[in-house]
$ cat run.tsv   # TSV, C-alpha atoms
chain	number	residue	atom	x	y	z
F	1	LEU	CA	0.00	0.00	0.00
F	2	SER	CA	1.54	3.33	-1.10
F	3	GLY	CA	1.87	6.36	1.14
F	4	ARG	CA	-0.95	8.22	-0.56
F	5	GLY	CA	-3.08	5.06	-0.63
F	6	ALA	CA	-2.63	4.58	3.10
F	7	GLY	CA	-3.50	8.23	3.70
F	8	CYS	CA	-6.70	7.97	1.63
F	9	LEU	CA	-7.72	4.78	3.47
F	10	ILE	CA	-7.19	6.37	6.89
F	11	ALA	CA	-9.11	9.49	5.81
F	12	SER	CA	-12.04	7.43	4.51
F	13	LEU	CA	-12.32	5.34	7.67
F	14	THR	CA	-12.01	8.38	9.95
F	15	PHE	CA	-14.62	10.44	8.13
F	16	ALA	CA	-16.95	7.44	8.01
F	17	PHE	CA	-16.65	7.02	11.78
F	18	LEU	CA	-17.14	10.70	12.51
F	19	GLY	CA	-19.97	11.00	10.04
F	20	PHE	CA	-22.39	8.94	12.14
F	21	SER	CA	-23.33	12.07	14.08
F	22	THR	CA	-23.16	15.72	13.05
F	23	ALA	CA	-25.05	17.16	16.03
F	24	HIS	CA	-21.77	18.11	17.70
F	25	ALA	CA	-19.67	18.66	14.56
F	26	GLU	CA	-17.26	21.52	14.13
F	27	PHE	CA	-15.31	22.43	11.01
F	28	ARG	CA	-12.12	24.45	11.25
F	29	LEU	CA	-9.55	26.03	8.92
F	30	GLY	CA	-6.18	27.50	9.80
F	31	ILE	CA	-2.59	28.35	8.97
F	32	GLU	CA	0.53	27.06	10.66
F	33	ILE	CA	4.26	27.72	10.92
F	34	SER	CA	6.65	25.00	12.11
F	35	PRO	CA	10.30	25.81	12.87
F	36	GLN	CA	12.37	22.62	12.99
F	37	LEU	CA	14.13	21.92	16.27
F	38	SER	CA	16.22	19.04	14.89
F	39	ALA	CA	16.51	16.71	11.93
F	40	THR	CA	18.56	13.54	11.66
F	41	ALA	CA	19.33	12.20	8.19
F	42	VAL	CA	21.61	9.21	7.68
F	43	ASN	CA	23.13	7.78	4.51
F	44	SER	CA	22.43	4.14	5.28
F	45	ASN	CA	23.81	2.70	2.04
F	46	VAL	CA	25.09	-0.83	2.57
F	47	SER	CA	26.90	-1.33	-0.76
F	48	ASN	CA	29.96	0.68	0.30
F	49	ALA	CA	31.33	0.60	3.85
F	50	ALA	CA	33.15	3.93	3.36
F	51	ILE	CA	29.90	5.90	3.50
F	52	HIS	CA	27.63	3.61	5.51
F	53	GLY	CA	26.07	5.49	8.42
F	54	ASN	CA	27.28	8.95	7.38
F	55	ARG	CA	25.09	11.74	8.74
F	56	PHE	CA	23.92	14.50	6.45
F	57	HIS	CA	24.68	18.12	7.32
F	58	ARG	CA	21.42	19.96	8.01
F	59	ASP	CA	20.31	23.17	6.34
F	60	ILE	CA	16.82	23.27	7.83
F	61	ASP	CA	14.16	25.86	7.35
F	62	THR	CA	10.71	26.68	8.67
F	63	ALA	CA	7.66	24.93	7.19
F	64	ILE	CA	4.57	27.02	6.42
F	65	GLY	CA	1.23	25.38	5.71
F	66	VAL	CA	-2.54	25.24	5.89
F	67	PHE	CA	-4.85	22.74	7.56
F	68	GLY	CA	-8.50	21.75	7.88
F	69	GLN	CA	-10.10	19.97	10.82
F	70	TYR	CA	-13.29	18.09	11.49
F	71	MET	CA	-14.00	17.91	15.24
F	72	HIS	CA	-16.67	15.84	16.94
F	73	ALA	CA	-17.58	16.47	20.60
F	74	LEU	CA	-17.88	13.26	22.62
F	75	SER	CA	-18.82	15.26	25.70
F	76	PRO	CA	-18.71	18.91	26.83
F	77	ARG	CA	-15.08	18.33	27.87
F	78	THR	CA	-13.70	15.92	25.24
F	79	ALA	CA	-13.51	15.96	21.44
F	80	ILE	CA	-11.98	13.79	18.74
F	81	GLY	CA	-11.32	14.64	15.12
F	82	VAL	CA	-9.19	14.44	12.02
F	83	GLN	CA	-6.85	17.00	10.48
F	84	LEU	CA	-5.73	17.25	6.86
F	85	GLY	CA	-2.74	19.45	6.16
F	86	TYR	CA	-0.33	20.66	3.50
F	87	SER	CA	2.96	22.48	4.04
F	88	GLN	CA	6.12	23.56	2.26
F	89	ASP	CA	9.11	22.11	4.15
F	90	ASN	CA	12.06	23.59	2.17
F	91	SER	CA	14.84	21.73	4.01
F	92	ASP	CA	18.19	20.67	2.52
F	93	PHE	CA	20.44	17.84	3.72
F	94	ARG	CA	24.02	17.56	2.41
F	95	ASP	CA	26.61	14.80	2.67
F	96	PHE	CA	30.08	15.98	1.65
F	97	ARG	CA	33.06	13.67	1.18
F	98	SER	CA	36.62	13.59	-0.14
F	99	ALA	CA	37.38	12.87	-3.78
F	100	ARG	CA	40.15	10.48	-2.69
F	101	GLU	CA	37.47	8.01	-1.68
F	102	ASP	CA	36.45	7.73	-5.33
F	103	LEU	CA	32.87	8.44	-4.27
F	104	PHE	CA	30.30	11.20	-4.55
F	105	ASN	CA	31.58	14.61	-3.44
F	106	ASP	CA	28.22	16.16	-2.62
F	107	ILE	CA	24.84	14.52	-2.08
F	108	THR	CA	21.95	16.94	-1.50
F	109	VAL	CA	18.42	15.87	-0.61
F	110	SER	CA	15.82	18.67	-0.65
F	111	SER	CA	12.33	18.31	0.81
F	112	ASP	CA	9.39	20.09	-0.78
F	113	GLY	CA	5.62	19.83	-0.36
F	114	ALA	CA	4.25	17.60	2.40
F	115	TYR	CA	0.78	16.14	3.00
F	116	GLU	CA	-0.51	14.71	6.25
F	117	ILE	CA	-3.59	13.22	7.86
F	118	LEU	CA	-3.75	13.16	11.65
F	119	GLY	CA	-6.31	11.96	14.15
F	120	PHE	CA	-6.52	13.83	17.44
F	121	VAL	CA	-8.08	13.88	20.90
F	122	SER	CA	-8.58	17.24	22.61
F	123	ARG	CA	-9.76	18.59	25.93
F	124	ARG	CA	-12.38	21.36	25.68
F	125	GLY	CA	-13.93	24.10	27.79
F	126	LYS	CA	-10.81	25.39	29.54
F	127	ALA	CA	-8.61	28.45	29.02
F	128	VAL	CA	-5.80	26.08	27.97
F	129	ASN	CA	-6.81	22.72	26.44
F	130	PRO	CA	-4.26	19.93	25.87
F	131	PHE	CA	-4.42	17.67	22.81
F	132	VAL	CA	-2.50	14.83	21.17
F	133	MET	CA	-2.25	13.92	17.48
F	134	ALA	CA	-0.99	10.94	15.50
F	135	GLY	CA	-1.12	10.01	11.83
F	136	TYR	CA	0.56	9.69	8.46
F	137	ARG	CA	2.78	12.18	6.61
F	138	THR	CA	4.28	12.15	3.10
F	139	VAL	CA	6.92	14.59	1.81
F	140	SER	CA	8.30	15.00	-1.72
F	141	VAL	CA	12.10	15.03	-2.02
F	142	ASP	CA	14.63	15.74	-4.79
F	143	THR	CA	18.21	14.44	-4.88
F	144	ASP	CA	21.20	16.07	-6.54
F	145	VAL	CA	24.64	14.42	-6.65
F	146	ARG	CA	27.80	16.18	-7.83
F	147	GLY	CA	31.36	14.89	-7.88
F	148	HIS	CA	34.01	13.06	-9.84
F	149	SER	CA	35.66	9.67	-9.96
F	150	LEU	CA	39.41	9.05	-9.78
F	151	SER	CA	38.81	6.51	-12.51
F	152	ALA	CA	37.17	9.04	-14.83
F	153	ALA	CA	38.93	11.71	-16.86
F	154	ALA	CA	36.31	14.40	-16.25
F	155	PRO	CA	33.85	15.37	-13.51
F	156	TYR	CA	30.32	14.09	-13.79
F	157	LEU	CA	26.90	15.09	-12.55
F	158	ALA	CA	24.50	12.39	-11.40
F	159	ASN	CA	20.90	12.99	-10.51
F	160	ALA	CA	18.00	10.95	-9.09
F	161	ASP	CA	14.35	11.53	-9.87
F	162	GLN	CA	11.94	13.06	-7.40
F	163	ASP	CA	10.59	10.61	-4.88
F	164	GLU	CA	8.47	10.55	-1.72
F	165	LEU	CA	9.22	9.74	1.90
F	166	SER	CA	6.31	8.56	4.03
F	167	GLY	CA	6.13	7.90	7.75
F	168	TRP	CA	4.29	8.32	11.01
F	169	LYS	CA	3.92	11.59	12.89
F	170	VAL	CA	2.99	12.24	16.54
F	171	ALA	CA	2.36	15.58	18.26
F	172	ALA	CA	1.27	16.96	21.62
F	173	GLY	CA	0.35	20.51	22.53
F	174	VAL	CA	-2.19	22.98	23.85
F	175	GLU	CA	-5.00	25.01	22.31
F	176	MET	CA	-6.25	28.39	23.55
F	177	PRO	CA	-9.42	30.26	22.56
F	178	LEU	CA	-8.46	33.75	21.38
F	179	ALA	CA	-11.72	35.43	20.38
F	180	GLN	CA	-15.13	34.42	19.07
F	181	ASN	CA	-14.54	31.41	16.79
F	182	TRP	CA	-10.74	32.02	16.75
F	183	PHE	CA	-8.19	29.73	18.39
F	184	GLY	CA	-4.43	29.33	18.67
F	185	GLN	CA	-2.34	26.19	19.03
F	186	MET	CA	1.22	25.32	20.03
F	187	ALA	CA	2.61	21.79	19.79
F	188	VAL	CA	5.81	19.76	19.58
F	189	HIS	CA	5.86	17.10	16.86
F	190	TYR	CA	8.06	14.20	15.73
F	191	THR	CA	8.04	12.40	12.37
F	192	ASP	CA	9.91	9.24	11.37
F	193	TYR	CA	9.91	8.82	7.59
F	194	GLY	CA	11.89	5.59	7.56
F	195	SER	CA	14.30	5.16	4.66
F	196	GLU	CA	14.10	5.41	0.89
F	197	GLU	CA	16.59	4.11	-1.69
F	198	PHE	CA	17.66	6.38	-4.53
F	199	ASN	CA	19.15	4.91	-7.70
F	200	LEU	CA	21.67	7.28	-9.27
F	201	THR	CA	22.67	7.54	-12.93
F	202	ASN	CA	24.97	9.78	-14.94
F	203	LEU	CA	23.13	12.50	-16.87
F	204	SER	CA	24.93	11.34	-20.02
F	205	GLY	CA	22.89	8.18	-19.82
F	206	GLY	CA	25.28	5.69	-18.26
F	207	THR	CA	25.95	4.61	-14.73
F	208	ARG	CA	28.48	6.44	-12.63
F	209	PRO	CA	31.96	5.86	-14.15
F	210	GLY	CA	34.73	4.09	-12.27
F	211	SER	CA	32.77	2.97	-9.22
F	212	THR	CA	30.63	0.10	-7.99
F	213	HIS	CA	28.46	2.52	-6.01
F	214	ARG	CA	25.08	2.97	-7.67
F	215	ASP	CA	22.62	4.07	-4.99
F	216	PHE	CA	22.12	5.24	-1.44
F	217	GLU	CA	19.42	5.15	1.20
F	218	PHE	CA	18.13	8.28	2.91
F	219	ASP	CA	16.86	7.77	6.46
F	220	LEU	CA	15.10	10.82	7.96
F	221	GLN	CA	13.58	11.81	11.32
F	222	GLN	CA	12.39	15.34	12.14
F	223	THR	CA	11.36	17.18	15.31
F	224	GLY	CA	9.74	20.61	15.32
F	225	ILE	CA	7.48	23.03	17.11
F	226	ARG	CA	4.18	24.13	15.54
F	227	PHE	CA	2.30	27.41	15.95
F	228	ALA	CA	-1.18	27.63	14.42
F	229	LEU	CA	-4.02	30.11	14.10
F	230	GLY	CA	-7.46	28.84	13.13
F	231	TYR	CA	-11.13	29.69	12.76
F	232	SER	CA	-14.10	27.48	13.73
F	233	PHE	CA	-17.26	27.38	11.61
$ encode --input "run.tsv" --output "structure tokens"
Amino acid sequence: LSGRGAGCLIASLTFAFLGFSTAHAEFRLGIEISPQLSATAVNSNVSNAAIHGNRFHRDIDTAIGVFGQYMHALSPRTAIGVQLGYSQDNSDFRDFRSAREDLFNDITVSSDGAYEILGFVSRRGKAVNPFVMAGYRTVSVDTDVRGHSLSAAAPYLANADQDELSGWKVAAGVEMPLAQNWFGQMAVHYTDYGSEEFNLTNLSGGTRPGSTHRDFEFDLQQTGIRFALGYSF
């Protein structure tokens, strides 16, 4: 089951469950900003021991996105719901190495648009209401590899196609009513995308010259803090 397929399945089951009763339904829209606190990315390629386990240097940015929520009140003090979100991550991860190793000089993995579906449980009716979230997240990534081989007469540029990383996300935070129908949220979140293998080829059409190294695996975990402003309908 693909990342998007799993997300669609979770969304369908959640909406079906929540759709049994609309007497206590609440629809919400909002914007969010998520500075990253940390990100760990490891080159877990197993075909060459010289680079196995190398950590990527982080060049992280702040994600900005939008979200929609469906909330269902179980009681005056407790609510459950589902959140759909989209954000632009704009983070770069680089793995530099020496040319003497006859390997890639510079591997860059850049994250782009991300989609997520999260279920949540929230306390209600207080000035500060705690909540927890958990669900599925998919982010698009691009790879760019530059370097040269000691066995080749000229430098080369290798490139991998765009791919997706998918994994599980958890978050915990608090929500505060700000004004009529307006609310604010602050939360800490963690996402483990697992690993994805990228197959690299020379742009001239052949495989990388002078080396048995043909691919690498990108293993990514991210932690961040989320600030959100929303409106309830």
$ closest_residue --input "run.tsv" --among "F:Asp144, F:Gln221, F:Gly119, F:Tyr193" --to "Ala172 (chain F)" --atoms "all atoms listed in the file"
F:Gly119
$ atom_distance --input "run.tsv" --atom1 "CA of Ser232 (chain F)" --atom2 "CA of Gly184 (chain F)"
11.0 Å
$ closest_residue --input "run.tsv" --among "F:Gly68, F:Gly224, F:Gly113, F:Gly230" --to "Trp182 (chain F)" --atoms "only C-alpha atoms"
F:Gly230
$ residues_around --input "run.tsv" --residues "Asp89 (chain F)" --least-positions-apart "6" --cutoff "8 Å" --atoms "all atoms listed in the file" --output "mmCIF file with C-alpha atoms, in the frame of the given file"
data_model
loop_
_atom_site.group_PDB
_atom_site.id
_atom_site.type_symbol
_atom_site.label_atom_id
_atom_site.label_comp_id
_atom_site.auth_asym_id
_atom_site.auth_seq_id
_atom_site.Cartn_x
_atom_site.Cartn_y
_atom_site.Cartn_z
ATOM 1 C CA ASP F 61 14.160 25.860 7.350
ATOM 2 C CA THR F 62 10.710 26.680 8.670
ATOM 3 C CA ALA F 63 7.660 24.930 7.190
ATOM 4 C CA ILE F 64 4.570 27.020 6.420
ATOM 5 C CA SER F 111 12.330 18.310 0.810
ATOM 6 C CA ASP F 112 9.390 20.090 -0.780
ATOM 7 C CA GLY F 113 5.620 19.830 -0.360
ATOM 8 C CA ALA F 114 4.250 17.600 2.400
#
$ atom_distance --input "run.tsv" --atom1 "CA of Ile80 (chain F)" --atom2 "CA of Val132 (chain F)"
9.8 Å
$ atom_distance --input "run.tsv" --atom1 "CA of His72 (chain F)" --atom2 "CA of Phe131 (chain F)"
13.7 Å
